[in-house]
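Here's start.cif, which has mmCIF, C-alpha atoms:
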data_target
loop_
_atom_site.label_atom_id
_atom_site.label_comp_id
_atom_site.auth_asym_id
_atom_site.auth_seq_id
_atom_site.Cartn_x
_atom_site.Cartn_y
_atom_site.Cartn_z
CA MET A 1 -20.48 9.65 -50.21
CA THR A 2 -19.56 8.72 -46.72
CA LYS A 3 -16.37 6.86 -46.08
CA ASN A 4 -16.66 3.42 -44.62
CA LYS A 5 -15.19 3.20 -41.16
CA ARG A 6 -12.52 0.61 -40.66
CA PRO A 7 -13.64 -2.23 -38.45
CA LYS A 8 -12.00 -2.24 -35.06
CA PRO A 9 -9.68 -5.18 -34.48
CA SER A 10 -10.81 -7.96 -32.22
CA GLY A 11 -9.89 -7.43 -28.62
CA TYR A 12 -9.76 -3.64 -29.06
CA ARG A 13 -10.40 -1.68 -25.91
CA PRO A 14 -10.96 2.07 -25.81
CA PRO A 15 -8.38 3.97 -23.75
CA GLN A 16 -9.31 4.25 -20.09
CA ILE A 17 -8.74 7.98 -19.72
CA GLY A 18 -10.32 8.15 -16.30
CA SER A 19 -8.03 5.50 -14.81
CA HIS A 20 -4.97 7.15 -16.37
CA VAL A 21 -5.90 10.52 -14.89
CA PHE A 22 -6.44 8.91 -11.50
CA LEU A 23 -3.01 7.23 -11.64
CA VAL A 24 -1.35 10.51 -12.58
CA ILE A 25 -3.04 12.29 -9.66
CA LEU A 26 -2.00 9.47 -7.33
CA ALA A 27 1.61 9.64 -8.54
CA VAL A 28 1.71 13.40 -8.03
CA TYR A 29 0.23 12.98 -4.56
CA PHE A 30 3.02 10.61 -3.53
CA LEU A 31 5.81 12.55 -5.24
CA ILE A 32 5.00 15.97 -3.78
CA PRO A 33 6.44 15.17 -0.30
CA LEU A 34 9.64 13.85 -1.87
CA TRP A 35 9.91 16.91 -4.09
CA TRP A 36 9.37 19.20 -1.10
CA LEU A 37 12.12 17.35 0.78
CA ILE A 38 14.53 17.80 -2.13
CA VAL A 39 13.74 21.51 -2.41
CA ALA A 40 13.80 22.16 1.34
CA SER A 41 17.17 20.44 1.75
CA THR A 42 18.74 23.12 -0.45
CA LYS A 43 17.56 26.00 1.75
CA SER A 44 18.99 27.60 4.86
CA ASN A 45 16.94 28.28 7.98
CA SER A 46 16.05 31.74 6.72
CA GLY A 47 15.03 30.25 3.38
CA LEU A 48 12.80 27.68 5.05
CA PHE A 49 10.88 30.21 7.12
CA THR A 50 10.72 33.13 4.70
CA SER A 51 7.35 34.01 3.23
CA THR A 52 8.74 34.94 -0.19
CA GLY A 53 8.82 32.38 -2.94
CA SER A 54 7.20 28.96 -3.01
CA ALA A 55 7.73 26.10 -0.60
CA LEU A 56 7.83 23.77 -3.62
CA TRP A 57 10.58 25.62 -5.47
CA PHE A 58 14.21 26.44 -4.87
CA GLY A 59 15.24 29.59 -3.06
CA SER A 60 17.68 32.26 -4.14
CA HIS A 61 20.58 30.60 -2.29
CA PHE A 62 21.58 26.96 -2.82
CA SER A 63 22.62 25.83 0.66
CA PHE A 64 22.57 22.03 0.36
CA PHE A 65 26.33 21.56 0.58
CA ASP A 66 26.52 24.02 3.49
CA ASN A 67 23.84 22.00 5.27
CA VAL A 68 25.74 18.76 4.69
CA ALA A 69 28.89 20.40 6.04
CA GLN A 70 26.97 21.44 9.16
CA LEU A 71 25.74 17.88 9.57
CA SER A 72 29.37 16.79 9.84
CA THR A 73 30.15 19.28 12.60
CA TYR A 74 26.91 19.71 14.56
CA ASN A 75 26.98 17.84 17.87
CA THR A 76 30.43 16.36 17.05
CA GLY A 77 29.15 14.83 13.81
CA ILE A 78 26.79 12.39 15.52
CA TYR A 79 24.60 12.37 12.40
CA TRP A 80 27.00 10.11 10.50
CA ARG A 81 27.14 7.77 13.49
CA TRP A 82 23.36 7.51 13.36
CA LEU A 83 23.49 6.87 9.62
CA ALA A 84 26.06 4.10 10.14
CA ASN A 85 23.84 2.58 12.84
CA SER A 86 20.88 2.54 10.45
CA LEU A 87 23.06 0.86 7.84
CA LEU A 88 24.15 -1.77 10.35
CA TYR A 89 20.61 -2.50 11.51
CA ALA A 90 19.30 -2.61 7.93
CA VAL A 91 22.05 -4.88 6.59
CA VAL A 92 22.15 -7.32 9.51
CA GLY A 93 18.45 -7.22 10.40
CA GLY A 94 17.06 -6.97 6.87
CA GLY A 95 19.58 -9.43 5.44
CA GLY A 96 18.96 -11.90 8.27
CA ALA A 97 15.20 -11.57 7.83
CA THR A 98 15.62 -12.36 4.14
CA VAL A 99 17.67 -15.49 4.84
CA ILE A 100 15.16 -16.76 7.39
CA SER A 101 12.21 -15.95 5.14
CA VAL A 102 13.76 -17.76 2.17
CA MET A 103 14.47 -20.91 4.19
CA ALA A 104 11.09 -20.88 5.92
CA GLY A 105 9.08 -20.08 2.79
CA TYR A 106 10.90 -22.73 0.75
CA GLY A 107 10.34 -25.29 3.50
CA PHE A 108 6.62 -24.53 3.75
CA ALA A 109 6.24 -24.75 -0.04
CA LYS A 110 8.24 -27.88 -0.86
CA TYR A 111 8.26 -30.11 2.22
CA ARG A 112 5.45 -32.04 3.81
CA PHE A 113 5.71 -32.35 7.57
CA LYS A 114 3.39 -32.68 10.52
CA GLY A 115 1.89 -29.40 11.65
CA ARG A 116 2.84 -27.52 8.48
CA THR A 117 -0.62 -26.03 7.97
CA LEU A 118 -0.93 -24.96 11.59
CA MET A 119 2.51 -23.37 11.64
CA PHE A 120 1.91 -21.48 8.41
CA THR A 121 -1.46 -20.30 9.75
CA MET A 122 0.36 -18.90 12.76
CA VAL A 123 2.80 -17.11 10.46
CA LEU A 124 -0.09 -15.54 8.54
CA GLY A 125 -1.78 -14.61 11.81
CA SER A 126 1.33 -12.79 12.98
CA VAL A 127 1.06 -10.51 9.93
CA MET A 128 -2.06 -9.00 11.51
CA VAL A 129 -0.22 -8.09 14.73
CA PRO A 130 1.46 -4.66 14.44
CA MET A 131 5.04 -4.38 15.60
CA THR A 132 4.11 -1.57 17.99
CA ALA A 133 1.93 -3.99 19.95
CA LEU A 134 4.94 -6.26 20.57
CA VAL A 135 7.40 -3.57 21.68
CA ILE A 136 6.40 -3.56 25.37
CA PRO A 137 6.51 -7.40 25.72
CA LEU A 138 9.87 -7.37 23.91
CA PHE A 139 11.09 -4.65 26.25
CA MET A 140 10.25 -6.79 29.30
CA MET A 141 11.85 -9.89 27.78
CA PHE A 142 15.04 -8.11 26.73
CA SER A 143 15.24 -6.52 30.17
CA VAL A 144 15.29 -9.98 31.75
CA LEU A 145 17.91 -11.14 29.24
CA GLY A 146 20.05 -8.09 29.93
CA ILE A 147 20.38 -6.93 26.33
CA LEU A 148 18.48 -3.66 26.61
CA ASN A 149 20.30 -0.63 25.21
CA THR A 150 22.39 -2.81 22.88
CA ILE A 151 22.28 -3.31 19.13
CA TRP A 152 20.74 -6.75 19.62
CA CYS A 153 17.46 -5.42 20.97
CA VAL A 154 16.96 -3.79 17.54
CA ILE A 155 18.45 -6.50 15.33
CA LEU A 156 16.77 -9.57 16.85
CA PRO A 157 13.15 -8.41 16.33
CA SER A 158 14.07 -7.34 12.78
CA LEU A 159 15.06 -10.89 11.86
CA LEU A 160 11.44 -12.01 11.63
CA SER A 161 9.43 -11.16 8.52
CA PRO A 162 6.10 -13.02 8.23
CA VAL A 163 5.28 -11.15 5.03
CA GLY A 164 8.61 -12.23 3.52
CA THR A 165 7.95 -15.85 4.46
CA TYR A 166 4.55 -15.70 2.84
CA LEU A 167 5.91 -14.15 -0.38
CA ILE A 168 8.67 -16.73 -0.70
CA ARG A 169 6.24 -19.59 -0.16
CA VAL A 170 3.80 -18.32 -2.79
CA TYR A 171 6.57 -17.68 -5.30
CA SER A 172 8.22 -21.07 -4.63
CA GLN A 173 5.00 -22.92 -5.36
CA ASP A 174 4.83 -21.41 -8.87
CA ALA A 175 8.50 -21.01 -9.80
CA LEU A 176 9.74 -24.40 -8.54
CA PRO A 177 7.79 -27.34 -9.95
CA ASP A 178 8.21 -30.59 -8.05
CA GLU A 179 9.54 -32.26 -11.22
CA LEU A 180 12.54 -29.92 -11.17
CA LEU A 181 13.45 -30.91 -7.63
CA ASP A 182 12.87 -34.60 -8.36
CA ALA A 183 15.20 -34.42 -11.38
CA ALA A 184 17.94 -32.86 -9.26
CA ARG A 185 17.57 -35.56 -6.64
CA VAL A 186 17.66 -38.31 -9.27
CA ASP A 187 20.94 -36.82 -10.52
CA GLY A 188 22.37 -37.32 -7.04
CA ALA A 189 22.11 -33.79 -5.64
CA GLY A 190 21.47 -33.51 -1.93
CA GLU A 191 18.88 -31.23 -0.40
CA MET A 192 21.31 -28.36 0.21
CA ARG A 193 22.84 -28.70 -3.28
CA THR A 194 19.36 -28.77 -4.82
CA PHE A 195 18.33 -25.65 -2.95
CA TRP A 196 21.55 -23.73 -3.52
CA SER A 197 22.22 -24.59 -7.18
CA VAL A 198 18.76 -25.27 -8.60
CA CYS A 199 16.13 -23.46 -6.51
CA LEU A 200 17.83 -20.30 -5.31
CA PRO A 201 18.60 -18.92 -8.82
CA GLN A 202 14.94 -19.35 -9.72
CA LEU A 203 13.89 -17.50 -6.56
CA ARG A 204 16.16 -14.51 -7.16
CA PRO A 205 13.39 -11.99 -8.04
CA ALA A 206 11.42 -12.95 -4.92
CA VAL A 207 14.55 -12.89 -2.76
CA ILE A 208 15.45 -9.38 -3.97
CA THR A 209 11.90 -8.21 -3.31
CA VAL A 210 11.88 -9.57 0.23
CA LEU A 211 15.36 -8.13 0.83
CA LEU A 212 14.26 -4.65 -0.21
CA LEU A 213 11.08 -4.81 1.87
CA SER A 214 12.99 -6.01 4.93
CA VAL A 215 15.79 -3.46 4.57
CA VAL A 216 13.34 -0.58 4.08
CA ALA A 217 11.26 -1.68 7.08
CA THR A 218 14.34 -1.89 9.29
CA TRP A 219 15.78 1.39 7.97
CA ASN A 220 12.52 3.23 8.71
CA ASN A 221 11.99 1.57 12.08
CA PHE A 222 11.35 4.22 14.72
CA PHE A 223 9.26 3.11 17.69
CA LEU A 224 11.26 -0.02 18.51
CA PRO A 225 14.71 1.63 18.76
CA GLN A 226 13.22 4.65 20.50
CA VAL A 227 11.92 2.42 23.30
CA MET A 228 14.85 0.03 23.46
CA LEU A 229 17.82 2.39 23.19
CA ALA A 230 18.76 5.04 25.74
CA ASN A 231 22.31 5.52 24.45
CA GLY A 232 22.25 8.22 21.77
CA LYS A 233 25.30 6.72 20.07
CA LEU A 234 23.25 3.62 19.22
CA TRP A 235 20.28 5.44 17.75
CA PRO A 236 19.36 4.96 14.09
CA ILE A 237 18.85 7.99 11.91
CA THR A 238 15.08 8.07 12.50
CA VAL A 239 15.37 8.42 16.27
CA GLY A 240 18.29 10.85 16.02
CA LEU A 241 16.52 13.27 13.70
CA ASN A 242 13.41 13.11 15.88
CA ASP A 243 15.53 14.08 18.88
CA TRP A 244 16.88 17.12 17.04
CA LEU A 245 13.35 18.08 16.06
CA TYR A 246 12.16 17.70 19.66
CA GLN A 247 14.97 19.92 20.92
CA SER A 248 14.16 22.57 18.34
CA ASN A 249 10.43 22.56 19.14
CA ASN A 250 11.13 22.94 22.86
CA GLY A 251 13.22 26.09 22.61
CA ASN A 252 16.66 24.52 22.59
CA ASN A 253 18.34 26.04 19.53
CA ALA A 254 14.87 26.94 18.27
CA GLU A 255 14.77 27.12 14.46
CA GLN A 256 18.52 26.53 14.33
CA VAL A 257 18.54 22.89 13.28
CA TRP A 258 15.50 22.74 11.01
CA ASN A 259 17.68 22.85 7.92
CA LEU A 260 19.83 20.08 9.39
CA VAL A 261 16.78 17.92 10.09
CA VAL A 262 15.45 18.39 6.56
CA SER A 263 18.84 17.89 4.90
CA GLY A 264 19.56 14.89 7.11
CA ALA A 265 16.20 13.33 6.19
CA PHE A 266 16.98 13.77 2.49
CA VAL A 267 20.45 12.25 2.81
CA SER A 268 18.96 9.31 4.73
CA VAL A 269 16.61 8.36 1.88
CA VAL A 270 19.30 8.50 -0.82
CA PRO A 271 20.65 4.97 -0.06
CA LEU A 272 17.13 3.53 -0.36
CA ILE A 273 16.55 5.28 -3.69
CA VAL A 274 19.87 3.99 -5.04
CA ALA A 275 19.07 0.45 -3.89
CA PHE A 276 15.69 0.51 -5.63
CA LEU A 277 17.17 1.83 -8.86
CA PHE A 278 19.99 -0.73 -8.99
CA LEU A 279 17.76 -3.69 -8.10
CA GLN A 280 14.84 -2.72 -10.30
CA ARG A 281 15.85 -5.08 -13.09
CA TYR A 282 15.32 -8.08 -10.81
CA TRP A 283 11.74 -6.97 -10.24
CA GLN A 284 11.23 -6.59 -13.97
CA SER A 285 12.54 -10.10 -14.59
CA GLY A 286 10.22 -11.39 -11.91
CA LEU A 287 7.21 -9.72 -13.53
CA ALA A 288 8.21 -11.13 -16.93
CA LEU A 289 8.54 -14.60 -15.44
CA GLY A 290 5.15 -14.31 -13.79
CA SER A 291 3.50 -13.25 -17.07
CA LEU A 292 4.58 -16.52 -18.71
CA LYS A 293 3.07 -18.76 -16.06
#
Once you've parsed the file, please lay out its structure as structure tokens.
Amino acid sequence: MTKNKRPKPSGYRPPQIGSHVFLVILAVYFLIPLWWLIVASTKSNSGLFTSTGSALWFGSHFSFFDNVAQLSTYNTGIYWRWLANSLLYAVVGGGGATVISVMAGYGFAKYRFKGRTLMFTMVLGSVMVPMTALVIPLFMMFSVLGILNTIWCVILPSLLSPVGTYLIRVYSQDALPDELLDAARVDGAGEMRTFWSVCLPQLRPAVITVLLLSVVATWNNFFLPQVMLANGKLWPITVGLNDWLYQSNNGNNAEQVWNLVVSGAFVSVVPLIVAFLFLQRYWQSGLALGSLK
């Protein structure tokens, strides 16, 4: 006698093996460069260019701490100055962009004023314009203003984030019902008190997301500071490491700073990894909140 098969529960879906395999392949594809960077940062110059062993595995000598020590002494330790510059640009530029995006997105979402649709359309249109296309006009404008080769020619353009404004507006429309704002106003709260005490806590997941996106974009910015800054002491880490790589490729200390470039690139991404790990719970809370709407 054949056994009766149990009926499948309603809503049952067979496992999507193909999609899972594709996601695994995609994850490996994105993780391989990071893994190579981790492995390469532990090798010396001879270990990087030797033909023995695998480029994706550690060498016989662990030289990471020696490389970091060389970063502190090579070229009078300018690497740490570049890293501090990147931190300054990311904190001031990314933080300022977050503040402006929160205020602008909240205003577009919850206030009715003349020209709102046109202004928001212009904000969305600016998303389609790459930053590289604006560098030359910004260079001419900053030259007239006399702020070329200063920290402001990097920070000021970083204060604008059309994508952040769009994200805050979309999130505000769903997370902040008009009844909540009306109740706060009936209780006697002013507009600033309503925003600060009632709205901002509800927007925290979106604010953290925009902050991370803005900080990462400013931290990884390369073309803008390369064009605007001639003083090497003001360079961010991206421009500084590129200068070392250029010197090495053109015969100046050829193959002598490759380990420093690789190790310096790895050290430069550590703050971003730490920030993502510590702020991940805010993203999770935001996803949970969105699933209930």
From the set A:Ser46, A:Gln226, A:Thr73, A:Thr132, which residue has the shortest atom-to-atom contact distance to His61 of chain A, counting all atoms listed in the file?
A:Ser46
Min atom-atom distance to Val123 of chain A from the set A:Asn221, A:Ser101, A:Asn75, A:Ser41, counting only C-alpha atoms, belongs to A:Ser101
Taking all atoms listed in the file into account, produce a table as a tab-separated table in which each residue of segment 130-233 of chain A with an atom at most 10 Å from an atom of segment 77-85 of chain A appears once, together with its shortest atom pair and the distance in Å to one decimal, ordered by chain and rising number.
residue	atom	partner	partner_atom	distance
A:Ile151	CA	A:Asn85	CA	8.8
A:Trp219	CA	A:Asn85	CA	9.5
A:Gly232	CA	A:Trp82	CA	8.5
A:Lys233	CA	A:Arg81	CA	6.9
Extract, using all atoms listed in the file, all DNA, RNA and protein residues at most 12 Å from Gly47 of chain A, discarding same-chain residues fewer than 4 positions from it, and format them as a PyMOL selection string.
chain A and resi 39-43+51-64+255+258-259
Under the PyMOL selection byres ((chain A and resi 165) around 10), which residues of this model are included? Write them out as a short mmCIF file (atom, residue, chain, number, x, y, z; two decimals) with C-alpha atoms, in the frame of the given file.
data_model
loop_
_atom_site.label_atom_id
_atom_site.label_comp_id
_atom_site.auth_asym_id
_atom_site.auth_seq_id
_atom_site.Cartn_x
_atom_site.Cartn_y
_atom_site.Cartn_z
CA ALA A 97 15.20 -11.57 7.83
CA THR A 98 15.62 -12.36 4.14
CA VAL A 99 17.67 -15.49 4.84
CA ILE A 100 15.16 -16.76 7.39
CA SER A 101 12.21 -15.95 5.14
CA VAL A 102 13.76 -17.76 2.17
CA MET A 103 14.47 -20.91 4.19
CA ALA A 104 11.09 -20.88 5.92
CA GLY A 105 9.08 -20.08 2.79
CA TYR A 106 10.90 -22.73 0.75
CA GLY A 107 10.34 -25.29 3.50
CA PHE A 108 6.62 -24.53 3.75
CA PHE A 120 1.91 -21.48 8.41
CA VAL A 123 2.80 -17.11 10.46
CA LEU A 124 -0.09 -15.54 8.54
CA LEU A 160 11.44 -12.01 11.63
CA SER A 161 9.43 -11.16 8.52
CA PRO A 162 6.10 -13.02 8.23
CA VAL A 163 5.28 -11.15 5.03
CA GLY A 164 8.61 -12.23 3.52
CA TYR A 166 4.55 -15.70 2.84
CA LEU A 167 5.91 -14.15 -0.38
CA ILE A 168 8.67 -16.73 -0.70
CA ARG A 169 6.24 -19.59 -0.16
CA VAL A 170 3.80 -18.32 -2.79
CA VAL A 210 11.88 -9.57 0.23
#
Within 10 Å of (16.7, -11.5, 19.8) (coordinates as in the file), grab all the protein and nucleic acid residues, counting only C-alpha atoms, and write them out as an MDAnalysis selection string.
chainID A and resid 138 141:142 145 147 151:160
One decimal place gives the atom CA of Phe276 of chain A-atom CA of Ala90 of chain A separation as 14.4 Å
Within 10 Å of file point (7.0, 5.2, 1.8), counting all atoms listed in the file, expressed as a ChimeraX atom specification:
/A:30,34,216-217,220
With C-alpha atoms retained, write the just-selected residues as a PDB file, in the coordinates of the input.
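Okay, result.pdb is ready:
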ATOM      1  CA  PHE A  30       3.020  10.610  -3.530  1.00  0.00           C
ATOM      2  CA  LEU A  34       9.640  13.850  -1.870  1.00  0.00           C
ATOM      3  CA  VAL A 216      13.340  -0.580   4.080  1.00  0.00           C
ATOM      4  CA  ALA A 217      11.260  -1.680   7.080  1.00  0.00           C
ATOM      5  CA  ASN A 220      12.520   3.230   8.710  1.00  0.00           C
TER       6      ASN A 220
END
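What separates atom CA of Gly125 of chain A from atom CA of Leu203 of chain A is a distance of 24.3 Å.
Considering all atoms listed in the file, the residue among A:Gln280, A:Asn149, A:Thr218, A:Ser86 positioned nearest to Gly240 of chain A is A:Ser86.
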Applied to this file, what does the PyMOL selection byres ((chain A and resi 195-198) around 10) return in terms of residues, put as a PyMOL selection string?
chain A and resi 103+106+176+180-181+184+189-194+199-203
Output for the residues just chosen: C-alpha atoms as a PDB file, keeping the file's coordinate frame:
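Written file, selection_26.pdb:
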ATOM      1  CA  MET A 103      14.470 -20.910   4.190  1.00  0.00           C
ATOM      2  CA  TYR A 106      10.900 -22.730   0.750  1.00  0.00           C
ATOM      3  CA  LEU A 176       9.740 -24.400  -8.540  1.00  0.00           C
ATOM      4  CA  LEU A 180      12.540 -29.920 -11.170  1.00  0.00           C
ATOM      5  CA  LEU A 181      13.450 -30.910  -7.630  1.00  0.00           C
ATOM      6  CA  ALA A 184      17.940 -32.860  -9.260  1.00  0.00           C
ATOM      7  CA  ALA A 189      22.110 -33.790  -5.640  1.00  0.00           C
ATOM      8  CA  GLY A 190      21.470 -33.510  -1.930  1.00  0.00           C
ATOM      9  CA  GLU A 191      18.880 -31.230  -0.400  1.00  0.00           C
ATOM     10  CA  MET A 192      21.310 -28.360   0.210  1.00  0.00           C
ATOM     11  CA  ARG A 193      22.840 -28.700  -3.280  1.00  0.00           C
ATOM     12  CA  THR A 194      19.360 -28.770  -4.820  1.00  0.00           C
ATOM     13  CA  CYS A 199      16.130 -23.460  -6.510  1.00  0.00           C
ATOM     14  CA  LEU A 200      17.830 -20.300  -5.310  1.00  0.00           C
ATOM     15  CA  PRO A 201      18.600 -18.920  -8.820  1.00  0.00           C
ATOM     16  CA  GLN A 202      14.940 -19.350  -9.720  1.00  0.00           C
ATOM     17  CA  LEU A 203      13.890 -17.500  -6.560  1.00  0.00           C
TER      18      LEU A 203
END
